[in-house]
file work-v5.cif (mmCIF, C-alpha atoms and all ligand atoms)
data_run
#
loop_
_atom_site.label_atom_id
_atom_site.label_comp_id
_atom_site.auth_asym_id
_atom_site.auth_seq_id
_atom_site.Cartn_x
_atom_site.Cartn_y
_atom_site.Cartn_z
CA LEU R 1 23.92 -20.12 -11.91
CA ARG R 2 21.14 -22.58 -11.36
CA SER R 3 22.34 -23.56 -7.91
CA GLU R 4 20.83 -22.14 -4.80
CA ALA R 5 24.14 -20.58 -3.78
CA GLY R 6 24.39 -18.95 -7.21
CA ILE R 7 20.90 -17.51 -6.92
CA ILE R 8 21.62 -16.16 -3.44
CA GLU R 9 24.88 -14.57 -4.61
CA ARG R 10 23.02 -12.95 -7.47
CA ILE R 11 20.37 -11.60 -5.09
CA TRP R 12 23.07 -10.09 -2.86
CA ALA R 13 24.87 -8.61 -5.85
CA LYS R 14 21.78 -6.96 -7.31
CA LEU R 15 19.95 -5.72 -4.23
CA PRO R 16 21.37 -3.10 -1.85
CA THR R 17 22.65 -4.90 1.26
CA GLY R 18 24.15 -1.85 2.88
CA ASP R 19 27.44 -1.02 4.50
CA ASP R 20 27.24 2.71 4.83
CA GLU R 21 27.26 4.85 7.94
CA ASP R 22 23.50 5.05 8.28
CA ARG R 23 23.19 1.27 8.33
CA ARG R 24 25.94 0.83 10.90
CA ARG R 25 23.81 2.87 13.32
CA TRP R 26 21.13 0.18 13.48
CA LEU R 27 22.35 -2.97 11.70
CA GLU R 28 24.82 -5.17 13.60
CA ILE R 29 24.76 -8.17 11.21
CA GLY R 30 23.16 -8.18 7.74
CA VAL R 31 22.95 -10.84 4.98
CA GLY R 32 25.26 -13.86 5.05
CA ASP R 33 24.71 -15.33 8.49
CA ASP R 34 21.93 -17.42 10.00
CA ALA R 35 20.01 -14.37 11.13
CA ALA R 36 20.23 -10.61 10.95
CA VAL R 37 20.92 -8.71 14.15
CA LEU R 38 19.46 -5.26 14.71
CA ARG R 39 20.70 -2.80 17.28
CA GLY R 40 18.18 -1.21 19.60
CA ALA R 41 16.89 1.76 17.65
CA PRO R 42 18.59 4.79 19.23
CA VAL R 43 17.69 8.47 19.26
CA GLY R 44 18.62 9.87 15.90
CA LEU R 45 16.89 7.13 13.93
CA ALA R 46 13.71 9.05 14.62
CA ASN R 47 13.14 12.76 14.31
CA TYR R 48 12.51 15.29 17.00
CA GLY R 49 15.03 14.03 19.55
CA ARG R 50 12.98 11.01 20.53
CA THR R 51 13.98 7.37 20.68
CA ALA R 52 12.75 5.18 17.87
CA ASP R 53 10.42 2.19 17.74
CA TRP R 54 10.71 -0.55 15.10
CA ALA R 55 7.68 -1.13 12.84
CA LEU R 56 7.57 -4.58 11.18
CA SER R 57 5.25 -6.05 8.57
CA THR R 58 5.14 -9.08 6.28
CA ASP R 59 3.47 -9.50 2.91
CA ALA R 60 2.95 -12.35 0.42
CA PHE R 61 2.92 -11.66 -3.33
CA LEU R 62 1.90 -14.83 -5.18
CA GLU R 63 1.73 -15.73 -8.86
CA GLY R 64 -1.89 -16.37 -9.80
CA SER R 65 -3.30 -14.65 -6.69
CA HIS R 66 -1.62 -11.24 -6.77
CA PHE R 67 0.06 -11.09 -10.16
CA LEU R 68 -0.02 -12.83 -13.54
CA THR R 69 3.23 -13.45 -15.41
CA GLY R 70 1.31 -12.86 -18.66
CA ILE R 71 0.59 -9.21 -17.86
CA HIS R 72 3.07 -8.34 -15.09
CA PRO R 73 6.68 -8.26 -16.39
CA PRO R 74 9.39 -9.48 -13.97
CA GLY R 75 10.58 -5.94 -13.15
CA THR R 76 7.03 -5.02 -12.21
CA VAL R 77 6.75 -8.05 -9.92
CA GLY R 78 9.99 -7.11 -8.13
CA TYR R 79 9.15 -3.43 -7.79
CA LYS R 80 5.56 -3.94 -6.77
CA ALA R 81 6.30 -6.69 -4.25
CA LEU R 82 8.53 -4.35 -2.24
CA ALA R 83 6.32 -1.29 -2.79
CA ARG R 84 3.16 -2.96 -1.49
CA ALA R 85 4.95 -4.39 1.55
CA THR R 86 6.54 -1.02 2.31
CA SER R 87 3.21 0.78 1.91
CA ASP R 88 2.23 -0.82 5.24
CA LEU R 89 5.22 0.92 6.86
CA ALA R 90 4.09 4.21 5.26
CA ALA R 91 0.65 3.68 6.80
CA MET R 92 2.30 3.44 10.24
CA GLY R 93 4.25 6.65 9.65
CA ALA R 94 7.55 4.73 9.70
CA GLU R 95 10.77 5.37 7.81
CA PRO R 96 11.64 2.21 5.83
CA ARG R 97 15.01 0.62 6.70
CA PHE R 98 15.26 -3.06 5.72
CA PHE R 99 13.62 -6.09 4.17
CA LEU R 100 13.99 -9.88 4.21
CA LEU R 101 13.18 -11.70 0.97
CA ASN R 102 11.78 -15.22 0.93
CA LEU R 103 11.63 -16.23 -2.74
CA ALA R 104 10.42 -19.48 -4.35
CA LEU R 105 10.90 -20.05 -8.09
CA SER R 106 10.77 -22.77 -10.70
CA PRO R 107 14.12 -23.51 -12.46
CA THR R 108 12.80 -21.82 -15.63
CA ARG R 109 12.65 -18.51 -13.75
CA THR R 110 16.20 -18.46 -12.41
CA ALA R 111 17.85 -16.75 -15.39
CA ARG R 112 16.28 -13.83 -17.26
CA TRP R 113 13.14 -13.65 -15.18
CA LEU R 114 15.16 -13.44 -11.94
CA ASP R 115 17.39 -10.69 -13.38
CA GLY R 116 14.37 -8.58 -14.31
CA PHE R 117 12.76 -9.24 -10.95
CA LEU R 118 15.89 -8.20 -9.03
CA ALA R 119 16.32 -5.05 -11.15
CA GLY R 120 12.76 -3.97 -10.28
CA MET R 121 13.20 -4.79 -6.62
CA ALA R 122 16.55 -2.95 -6.49
CA GLU R 123 14.90 0.14 -7.97
CA ALA R 124 12.26 0.06 -5.23
CA ALA R 125 14.87 -0.58 -2.51
CA ARG R 126 16.90 2.45 -3.61
CA GLU R 127 13.81 4.63 -3.91
CA PHE R 128 12.63 3.74 -0.38
CA ARG R 129 16.24 3.61 0.94
CA MET R 130 15.98 0.04 2.20
CA VAL R 131 18.57 -2.73 2.42
CA LEU R 132 18.22 -6.48 2.19
CA ILE R 133 19.28 -8.02 5.50
CA GLY R 134 18.31 -11.66 4.97
CA GLY R 135 15.99 -14.18 3.39
CA ASP R 136 15.64 -17.62 1.90
CA THR R 137 15.21 -19.24 -1.53
CA SER R 138 13.45 -22.42 -2.54
CA ARG R 139 12.04 -24.24 -5.56
CA ASN R 140 8.33 -24.07 -6.37
CA GLU R 141 6.27 -24.44 -9.53
CA THR R 142 4.70 -21.00 -9.14
CA ILE R 143 6.49 -17.83 -8.07
CA THR R 144 6.01 -16.83 -4.45
CA VAL R 145 7.53 -13.67 -3.01
CA ASN R 146 7.31 -13.27 0.75
CA LEU R 147 8.74 -10.08 2.19
CA THR R 148 9.28 -8.88 5.72
CA VAL R 149 9.87 -5.15 5.97
CA GLY R 150 11.00 -2.98 8.87
CA GLY R 151 11.33 0.70 9.60
CA THR R 152 11.64 3.18 12.43
CA VAL R 153 9.16 5.62 13.88
CA SER R 154 9.49 8.03 16.81
CA HIS R 155 8.62 6.31 20.07
CA GLY R 156 4.86 6.25 20.63
CA ARG R 157 4.08 8.00 17.36
CA ALA R 158 3.22 5.09 15.05
CA LEU R 159 -0.08 5.74 13.27
CA THR R 160 -2.72 3.14 14.11
CA ARG R 161 -6.18 2.26 12.80
CA SER R 162 -7.80 2.77 16.19
CA GLY R 163 -7.46 6.50 16.90
CA ALA R 164 -10.36 7.95 14.85
CA ARG R 165 -12.84 10.01 16.91
CA PRO R 166 -16.21 11.62 16.02
CA GLY R 167 -15.61 15.09 14.61
CA ASP R 168 -12.38 14.13 12.81
CA GLY R 169 -12.25 14.64 9.04
CA VAL R 170 -11.67 11.67 6.69
CA TYR R 171 -8.90 12.29 4.16
CA VAL R 172 -7.26 10.44 1.28
CA THR R 173 -4.11 11.12 -0.75
CA GLY R 174 -4.00 11.08 -4.57
CA ALA R 175 -6.79 9.57 -6.65
CA LEU R 176 -8.58 6.26 -6.17
CA GLY R 177 -9.45 3.49 -8.62
CA ALA R 178 -6.50 3.94 -10.98
CA ALA R 179 -4.80 0.61 -10.20
CA GLN R 180 -8.04 -1.34 -10.64
CA LEU R 181 -8.79 0.41 -13.93
CA GLY R 182 -5.22 -0.27 -15.07
CA LEU R 183 -5.68 -3.97 -14.28
CA GLU R 184 -8.95 -4.11 -16.20
CA LEU R 185 -7.26 -2.48 -19.21
CA LEU R 186 -4.34 -4.93 -19.06
CA LEU R 187 -6.66 -7.92 -18.82
CA ARG R 188 -8.46 -6.67 -21.93
CA GLY R 189 -5.17 -6.28 -23.76
CA ARG R 190 -5.83 -2.62 -24.56
CA SER R 191 -3.30 0.10 -24.05
CA ALA R 192 -3.53 3.41 -25.81
CA LYS R 193 -1.12 6.27 -25.17
CA GLU R 194 -3.60 8.08 -22.91
CA GLU R 195 -3.82 5.04 -20.66
CA ARG R 196 -0.16 4.94 -19.68
CA GLN R 197 -0.78 6.64 -16.33
CA LEU R 198 -3.43 4.07 -15.48
CA LEU R 199 -1.15 1.18 -16.35
CA LYS R 200 1.56 2.80 -14.23
CA ALA R 201 -0.76 2.82 -11.23
CA GLN R 202 -1.16 -0.94 -11.67
CA LEU R 203 2.41 -1.85 -12.69
CA HIS R 204 4.54 0.68 -10.80
CA PRO R 205 2.49 2.07 -7.89
CA LYS R 206 3.70 5.16 -6.04
CA ILE R 207 3.57 4.69 -2.29
CA GLN R 208 3.23 7.52 0.24
CA VAL R 209 6.20 7.15 2.61
CA GLU R 210 6.83 10.90 2.93
CA VAL R 211 3.18 11.72 3.62
CA GLY R 212 3.01 8.94 6.22
CA ARG R 213 6.02 10.27 8.12
CA TRP R 214 4.59 13.79 8.02
CA LEU R 215 1.22 12.56 9.34
CA ALA R 216 3.06 10.87 12.24
CA GLY R 217 4.86 14.08 13.15
CA ALA R 218 8.31 13.29 11.77
CA SER R 219 8.55 16.86 10.47
CA GLY R 220 9.09 18.06 14.03
CA TRP R 221 5.57 19.39 14.38
CA LYS R 222 2.86 17.64 16.28
CA PRO R 223 1.36 14.52 14.68
CA ILE R 224 -1.44 15.27 12.20
CA ALA R 225 -3.40 12.03 11.78
CA SER R 226 -5.51 10.38 14.48
CA ALA R 227 -5.71 7.08 12.51
CA ALA R 228 -4.33 5.82 9.19
CA ILE R 229 -4.31 2.86 6.77
CA ASP R 230 -3.06 2.36 3.22
CA THR R 231 -5.70 1.72 0.54
CA SER R 232 -4.53 -1.73 -0.54
CA ASP R 233 -7.95 -3.43 -0.59
CA GLY R 234 -10.18 -0.51 -1.63
CA LEU R 235 -11.73 2.52 0.10
CA SER R 236 -14.93 0.75 1.21
CA THR R 237 -12.96 -2.05 2.88
CA ASP R 238 -10.04 -0.01 4.24
CA LEU R 239 -12.22 2.73 5.76
CA ASP R 240 -14.31 0.01 7.38
CA HIS R 241 -11.09 -1.32 8.99
CA ILE R 242 -10.44 2.11 10.57
CA CYS R 243 -14.06 2.43 11.72
CA ARG R 244 -14.12 -1.02 13.34
CA ALA R 245 -10.75 -0.59 15.03
CA SER R 246 -11.81 2.84 16.34
CA GLY R 247 -15.40 1.95 17.25
CA VAL R 248 -16.81 4.77 15.12
CA GLY R 249 -18.74 5.35 11.90
CA ALA R 250 -17.82 7.44 8.86
CA ARG R 251 -19.97 9.53 6.52
CA ILE R 252 -18.39 10.11 3.11
CA PHE R 253 -19.61 12.17 0.16
CA ALA R 254 -19.55 10.65 -3.34
CA GLU R 255 -18.88 13.96 -5.10
CA ARG R 256 -15.81 14.67 -2.96
CA ILE R 257 -14.06 11.36 -3.65
CA PRO R 258 -11.05 11.91 -5.95
CA CYS R 259 -11.92 9.33 -8.63
CA VAL R 260 -9.59 8.12 -11.35
CA GLN R 261 -10.02 10.01 -14.63
CA GLU R 262 -10.99 7.56 -17.30
CA PRO R 263 -10.07 7.81 -20.97
CA ALA R 264 -13.00 9.13 -23.01
CA TRP R 265 -13.38 5.95 -25.10
CA ARG R 266 -13.92 3.98 -21.92
CA ARG R 267 -16.35 6.40 -20.28
CA ARG R 268 -18.72 5.93 -23.21
CA ARG R 269 -19.01 2.25 -22.37
CA GLY R 270 -20.53 3.15 -19.06
CA THR R 271 -17.90 2.10 -16.52
CA ASP R 272 -18.32 3.87 -13.24
CA PRO R 273 -15.34 5.81 -11.82
CA LEU R 274 -17.08 5.89 -8.43
CA ARG R 275 -17.27 2.08 -8.31
CA LEU R 276 -13.56 1.87 -9.10
CA ALA R 277 -12.74 4.46 -6.44
CA LEU R 278 -14.91 2.85 -3.74
CA HIS R 279 -14.01 -0.79 -4.29
CA GLY R 280 -10.88 -0.97 -6.49
CA GLY R 281 -7.76 -2.20 -4.68
CA GLU R 282 -3.99 -1.68 -4.95
CA ASP R 283 -3.91 2.12 -5.03
CA TYR R 284 -1.56 2.28 -1.99
CA GLN R 285 -2.73 5.77 -1.11
CA LEU R 286 -3.07 6.79 2.54
CA LEU R 287 -6.52 7.03 4.07
CA PHE R 288 -6.50 8.87 7.37
CA THR R 289 -8.53 10.77 9.91
CA ALA R 290 -7.48 14.05 11.52
CA GLN R 291 -8.81 16.78 13.75
CA GLY R 292 -8.93 20.36 12.47
CA THR R 293 -7.65 21.55 9.11
CA VAL R 294 -5.22 19.56 6.96
CA PRO R 295 -3.32 21.19 4.06
CA ALA R 296 -4.64 20.36 0.57
CA GLN R 297 -1.28 18.90 -0.43
CA TYR R 298 2.06 17.78 0.95
CA LYS R 299 5.19 17.75 -1.26
CA GLY R 300 2.98 17.72 -4.35
CA VAL R 301 0.71 14.88 -3.16
CA ARG R 302 -2.94 15.95 -3.22
CA ILE R 303 -4.93 15.48 -0.02
CA THR R 304 -8.74 15.47 -0.19
CA ARG R 305 -11.25 15.63 2.64
CA ILE R 306 -13.94 13.11 1.67
CA GLY R 307 -16.08 13.07 4.79
CA GLU R 308 -16.16 12.91 8.55
CA VAL R 309 -16.03 10.53 11.46
CA VAL R 310 -19.38 10.20 13.27
CA PRO R 311 -20.71 8.14 16.17
CA LEU R 312 -22.05 4.78 14.95
CA ARG R 313 -25.56 5.72 16.09
CA ALA R 314 -25.59 8.73 13.73
CA LEU R 315 -25.38 6.57 10.59
CA SER R 316 -28.26 6.13 8.14
CA ARG R 317 -30.12 2.88 8.66
CA ARG R 318 -30.81 2.47 4.94
CA GLY R 319 -28.99 -0.16 2.92
CA ASN R 320 -28.78 -3.77 4.01
CA PRO R 321 -25.75 -6.01 4.25
CA ARG R 322 -25.67 -9.16 2.14
CA HIS R 323 -26.55 -12.38 3.88
CA GLY R 324 -23.97 -13.36 6.47
CA GLU R 325 -22.15 -10.03 6.45
CA ARG R 326 -21.85 -7.58 9.30
CA ARG R 327 -23.40 -4.18 8.80
CA SER R 328 -20.93 -1.62 7.45
CA SER R 329 -19.80 1.38 9.51
CA ILE R 330 -19.82 3.72 6.52
CA GLU R 331 -22.58 5.92 5.14
CA LEU R 332 -22.25 7.12 1.55
CA VAL R 333 -24.02 10.38 0.66
CA ARG R 334 -24.71 10.52 -3.08
CA SER R 335 -24.74 13.70 -5.16
CA ASP R 336 -28.58 13.85 -5.09
CA GLY R 337 -28.42 14.00 -1.28
CA SER R 338 -29.67 10.44 -0.70
CA SER R 339 -27.60 8.26 1.58
CA SER R 340 -27.20 4.59 2.45
CA ARG R 341 -24.75 2.24 4.11
CA LEU R 342 -21.72 1.37 2.00
CA GLU R 343 -20.80 -2.31 2.32
CA PRO R 344 -17.11 -3.23 2.07
CA ARG R 345 -16.70 -4.61 -1.47
CA GLY R 346 -12.97 -4.27 -1.82
CA TRP R 347 -10.45 -7.05 -2.26
CA ASP R 348 -11.00 -10.12 -0.07
CA HIS R 349 -9.13 -13.39 -0.73
CA PHE R 350 -11.75 -15.54 0.92
CA ARG R 351 -15.01 -14.01 -0.27
CA SER R 352 -16.81 -16.38 -2.64
MG MG R 401 -2.13 -2.07 4.85
#

call {"tool": "encode", "arguments": {"input": "work-v5.cif", "output": "structure tokens", "more": "lines below"}}
Ligand SMILES: [Mg+2]
result
Amino acid sequence: LRSEAGIIERIWAKLPTGDDEDRRRWLEIGVGDDAAVLRGAPVGLANYGRTADWALSTDAFLEGSHFLTGIHPPGTVGYKALARATSDLAAMGAEPRFFLLNLALSPTRTARWLDGFLAGMAEAAREFRMVLIGGDTSRNETITVNLTVGGTVSHGRALTRSGARPGDGVYVTGALGAAQLGLELLLRGRSAKEERQLLKAQLHPKIQVEVGRWLAGASGWKPIASAAIDTSDGLSTDLDHICRASGVGARIFAERIPCVQEPAWRRRRGTDPLRLALHGGEDYQLLFTAQGTVPAQYKGVRITRIGEVVPLRALSRRGNPRHGERRSSIELVRSDGSSSRLEPRGWDHFRS
């Protein structure tokens, strides 16, 4: 099994590669040739009688940078790699369809580790209804997982970062900070029964595909969101992305932010749920802006209004960026009524 051909055969055997009727509508040639061939996305791949657009994204998941084999079991690595890549399709309002897997492993990882990895990835593929349509394998001392994901969205309805306008509300799904807290618990080697939900947020994140499609108008109603992003880096960083792309500011209220609930033993040690919610990454919730009223939940996923979009000139001038950083586009109003600029302090690979 330690030949490349054997590994590829195992990948094809374990991951859904698709030969059902739905796939035949859009997939001309899948795994097994030099390239996959997609058909033009016809009406019927998108809702509401419109033609479909393809949404594509690529994502690297690297041992040492994004996961640690000591605390992330192989099934977690496989599941999470596909979930985090597909979360970017959710943020565009797209329906996931396919992925290409580019996997590099050391020979010691080609037996049990690979089986666990593929089982986790297959679970995610079935959950998001995606098929493997191609990829590549190679040998490398550390594990690298590169994924390209694709999905369909009604023509012209993909959610972008650039549509936020003053007067829109700022909304977020679920709770924030759970994945970061889960990581901190894992790194400390603690895991009590009450912490299982937190570890799950880190090891087996739930992504918001259904909410994303609803926000883009796939339900047949008019689109709901004016702009959207998934919270992969942290609220302070991801909201800043929307503000910059849209040329607007945002005012958010600390007491409205749905923070992770910490176990009591941990709260006593003075960790700050607000810090985790503002700057913790990997939650894969959807952060979006919308005009008018948005329901408080969709299919059981909580939706919280945390603030509003404002013109840049309306923002508080208090709070200074660190040396060399641009001034943030977000104002945070604290529970005592004081407010200051919120600098993006989420995940950044290249920040020293
Ligand atoms: Mg994203």

call {"tool": "residues_around", "arguments": {"input": "work-v5.cif", "residues": "Pro74 of chain R", "least_positions_apart": "4", "cutoff": "8 Å", "atoms": "all atoms listed in the file", "output": "mmCIF file with C-alpha atoms, in the frame of the given file"}}
result
data_model
loop_
_atom_site.group_PDB
_atom_site.id
_atom_site.type_symbol
_atom_site.label_atom_id
_atom_site.label_comp_id
_atom_site.auth_asym_id
_atom_site.auth_seq_id
_atom_site.Cartn_x
_atom_site.Cartn_y
_atom_site.Cartn_z
ATOM 1 C CA THR R 69 3.230 -13.450 -15.410
ATOM 2 C CA GLY R 78 9.990 -7.110 -8.130
ATOM 3 C CA TRP R 113 13.140 -13.650 -15.180
ATOM 4 C CA LEU R 114 15.160 -13.440 -11.940
ATOM 5 C CA GLY R 116 14.370 -8.580 -14.310
ATOM 6 C CA PHE R 117 12.760 -9.240 -10.950
ATOM 7 C CA GLY R 120 12.760 -3.970 -10.280
#

call {"tool": "residues_near_point", "arguments": {"input": "work-v5.cif", "point": "(-21.1, 10.4, -5.7)", "cutoff": "6 Å", "atoms": "only C-alpha atoms", "output": "ChimeraX atom specification"}}
result
/R:254-255,334-335

call {"tool": "atom_distance", "arguments": {"input": "work-v5.cif", "atom1": "atom CA of Ala228 of chain R", "atom2": "atom CA of Ala245 of chain R"}}
result
10.8 Å

call {"tool": "residues_near_point", "arguments": {"input": "work-v5.cif", "point": "(8.9, 13.7, 14.1)", "cutoff": "10 Å", "atoms": "all atoms listed in the file", "output": "list in words"}}
result
Ala46, Asn47, Tyr48, Gly49, Arg50, Gly93, Val153, Ser154, His155, Arg157, Arg213, Trp214, Leu215, Ala216, Gly217, Ala218, Ser219, Gly220, Trp221, Lys222 and Pro223 of chain R

call {"tool": "residues_near_ligand", "arguments": {"input": "work-v5.cif", "ligand": "ligand MG 401 (chain R)", "cutoff": "12 Å", "atoms": "all atoms listed in the file", "output": "short mmCIF file (atom, residue, chain, number, x, y, z; two decimals) with C-alpha atoms, keeping the file's coordinate frame"}}
result
data_model
loop_
_atom_site.label_atom_id
_atom_site.label_comp_id
_atom_site.auth_asym_id
_atom_site.auth_seq_id
_atom_site.Cartn_x
_atom_site.Cartn_y
_atom_site.Cartn_z
CA LEU R 56 7.57 -4.58 11.18
CA SER R 57 5.25 -6.05 8.57
CA THR R 58 5.14 -9.08 6.28
CA ASP R 59 3.47 -9.50 2.91
CA ALA R 83 6.32 -1.29 -2.79
CA ARG R 84 3.16 -2.96 -1.49
CA ALA R 85 4.95 -4.39 1.55
CA THR R 86 6.54 -1.02 2.31
CA SER R 87 3.21 0.78 1.91
CA ASP R 88 2.23 -0.82 5.24
CA LEU R 89 5.22 0.92 6.86
CA ALA R 90 4.09 4.21 5.26
CA ALA R 91 0.65 3.68 6.80
CA MET R 92 2.30 3.44 10.24
CA GLY R 93 4.25 6.65 9.65
CA LEU R 159 -0.08 5.74 13.27
CA THR R 160 -2.72 3.14 14.11
CA ARG R 161 -6.18 2.26 12.80
CA ILE R 207 3.57 4.69 -2.29
CA GLN R 208 3.23 7.52 0.24
CA ALA R 228 -4.33 5.82 9.19
CA ILE R 229 -4.31 2.86 6.77
CA ASP R 230 -3.06 2.36 3.22
CA THR R 231 -5.70 1.72 0.54
CA SER R 232 -4.53 -1.73 -0.54
CA ASP R 233 -7.95 -3.43 -0.59
CA GLY R 234 -10.18 -0.51 -1.63
CA LEU R 235 -11.73 2.52 0.10
CA THR R 237 -12.96 -2.05 2.88
CA ASP R 238 -10.04 -0.01 4.24
CA LEU R 239 -12.22 2.73 5.76
CA HIS R 241 -11.09 -1.32 8.99
CA ILE R 242 -10.44 2.11 10.57
CA GLY R 281 -7.76 -2.20 -4.68
CA GLU R 282 -3.99 -1.68 -4.95
CA ASP R 283 -3.91 2.12 -5.03
CA TYR R 284 -1.56 2.28 -1.99
CA GLN R 285 -2.73 5.77 -1.11
CA LEU R 286 -3.07 6.79 2.54
CA LEU R 287 -6.52 7.03 4.07
#

call {"tool": "closest_residue", "arguments": {"input": "work-v5.cif", "among": "R:Ser106, R:Ser236, R:Gln197, R:Gln291", "to": "Glu343 of chain R", "atoms": "all atoms listed in the file"}}
result
R:Ser236

call {"tool": "atom_distance", "arguments": {"input": "work-v5.cif", "atom1": "atom CA of Ser3 of chain R", "atom2": "atom CA of Arg112 of chain R"}}
result
14.8 Å

call {"tool": "atom_distance", "arguments": {"input": "work-v5.cif", "atom1": "atom CA of Gly167 of chain R", "atom2": "atom CA of Ala290 of chain R"}}
result
8.8 Å

call {"tool": "closest_residue", "arguments": {"input": "work-v5.cif", "among": "R:Leu342, R:Leu203, R:Leu118, R:Leu101", "to": "Thr76 of chain R", "atoms": "all atoms listed in the file"}}
result
R:Leu203

call {"tool": "residues_around", "arguments": {"input": "work-v5.cif", "residues": "Arg139 of chain R", "least_positions_apart": "6", "cutoff": "8 Å", "atoms": "all atoms listed in the file", "output": "ChimeraX atom specification"}}
result
/R:104-107

call {"tool": "residues_around", "arguments": {"input": "work-v5.cif", "residues": "Ala60 of chain R", "least_positions_apart": "5", "cutoff": "7 Å", "atoms": "only C-alpha atoms", "output": "PDB file with C-alpha atoms, in the coordinates of the input"}}
result
ATOM      1  CA  VAL R 145       7.530 -13.670  -3.010  1.00  0.00           C
ATOM      2  CA  ASN R 146       7.310 -13.270   0.750  1.00  0.00           C
ATOM      3  CA  LEU R 147       8.740 -10.080   2.190  1.00  0.00           C
TER       4      LEU R 147
END

call {"tool": "residues_around", "arguments": {"input": "work-v5.cif", "residues": "Ser226 of chain R", "least_positions_apart": "5", "cutoff": "7 Å", "atoms": "only C-alpha atoms", "output": "PyMOL selection string"}}
result
chain R and resi 163-164+289-290

call {"tool": "closest_residue", "arguments": {"input": "work-v5.cif", "among": "R:Arg129, R:Glu28, R:Asn140, R:Cys243", "to": "Gly40 of chain R", "atoms": "all atoms listed in the file"}}
result
R:Glu28

call {"tool": "closest_residue", "arguments": {"input": "work-v5.cif", "among": "R:Ser65, R:Thr17, R:Gln261, R:Ser339", "to": "Leu100 of chain R", "atoms": "all atoms listed in the file"}}
result
R:Thr17

call {"tool": "build_atoms", "arguments": {"input": "work-v5.cif", "residues": "segment 116-129 of chain R", "atoms": "N, CA and C atoms", "output": "PDB file, in the frame of the given file"}}
result
ATOM      1  N   GLY R 116      15.350  -9.660 -14.196  1.00  0.00           N
ATOM      2  CA  GLY R 116      14.370  -8.580 -14.310  1.00  0.00           C
ATOM      3  C   GLY R 116      13.717  -8.290 -12.968  1.00  0.00           C
ATOM      4  N   PHE R 117      13.375  -9.358 -12.275  1.00  0.00           N
ATOM      5  CA  PHE R 117      12.760  -9.240 -10.950  1.00  0.00           C
ATOM      6  C   PHE R 117      13.666  -8.464  -9.999  1.00  0.00           C
ATOM      7  N   LEU R 118      14.956  -8.846  -9.963  1.00  0.00           N
ATOM      8  CA  LEU R 118      15.890  -8.200  -9.030  1.00  0.00           C
ATOM      9  C   LEU R 118      16.128  -6.735  -9.413  1.00  0.00           C
ATOM     10  N   ALA R 119      16.134  -6.444 -10.719  1.00  0.00           N
ATOM     11  CA  ALA R 119      16.320  -5.050 -11.150  1.00  0.00           C
ATOM     12  C   ALA R 119      15.149  -4.195 -10.645  1.00  0.00           C
ATOM     13  N   GLY R 120      13.929  -4.711 -10.765  1.00  0.00           N
ATOM     14  CA  GLY R 120      12.760  -3.970 -10.280  1.00  0.00           C
ATOM     15  C   GLY R 120      12.781  -3.802  -8.777  1.00  0.00           C
ATOM     16  N   MET R 121      13.160  -4.860  -8.074  1.00  0.00           N
ATOM     17  CA  MET R 121      13.200  -4.790  -6.620  1.00  0.00           C
ATOM     18  C   MET R 121      14.311  -3.841  -6.142  1.00  0.00           C
ATOM     19  N   ALA R 122      15.445  -3.851  -6.857  1.00  0.00           N
ATOM     20  CA  ALA R 122      16.550  -2.950  -6.490  1.00  0.00           C
ATOM     21  C   ALA R 122      16.137  -1.489  -6.682  1.00  0.00           C
ATOM     22  N   GLU R 123      15.381  -1.226  -7.747  1.00  0.00           N
ATOM     23  CA  GLU R 123      14.900   0.140  -7.970  1.00  0.00           C
ATOM     24  C   GLU R 123      14.029   0.601  -6.790  1.00  0.00           C
ATOM     25  N   ALA R 124      13.123  -0.280  -6.366  1.00  0.00           N
ATOM     26  CA  ALA R 124      12.260   0.060  -5.230  1.00  0.00           C
ATOM     27  C   ALA R 124      13.079   0.237  -3.965  1.00  0.00           C
ATOM     28  N   ALA R 125      14.049  -0.648  -3.731  1.00  0.00           N
ATOM     29  CA  ALA R 125      14.870  -0.580  -2.510  1.00  0.00           C
ATOM     30  C   ALA R 125      15.626   0.747  -2.451  1.00  0.00           C
ATOM     31  N   ARG R 126      16.175   1.176  -3.598  1.00  0.00           N
ATOM     32  CA  ARG R 126      16.900   2.450  -3.610  1.00  0.00           C
ATOM     33  C   ARG R 126      15.941   3.618  -3.398  1.00  0.00           C
ATOM     34  N   GLU R 127      14.791   3.542  -4.040  1.00  0.00           N
ATOM     35  CA  GLU R 127      13.810   4.630  -3.910  1.00  0.00           C
ATOM     36  C   GLU R 127      13.355   4.782  -2.449  1.00  0.00           C
ATOM     37  N   PHE R 128      13.121   3.674  -1.769  1.00  0.00           N
ATOM     38  CA  PHE R 128      12.630   3.740  -0.380  1.00  0.00           C
ATOM     39  C   PHE R 128      13.779   3.719   0.628  1.00  0.00           C
ATOM     40  N   ARG R 129      15.020   3.660   0.125  1.00  0.00           N
ATOM     41  CA  ARG R 129      16.240   3.610   0.940  1.00  0.00           C
ATOM     42  C   ARG R 129      16.221   2.448   1.932  1.00  0.00           C
TER      43      ARG R 129
END
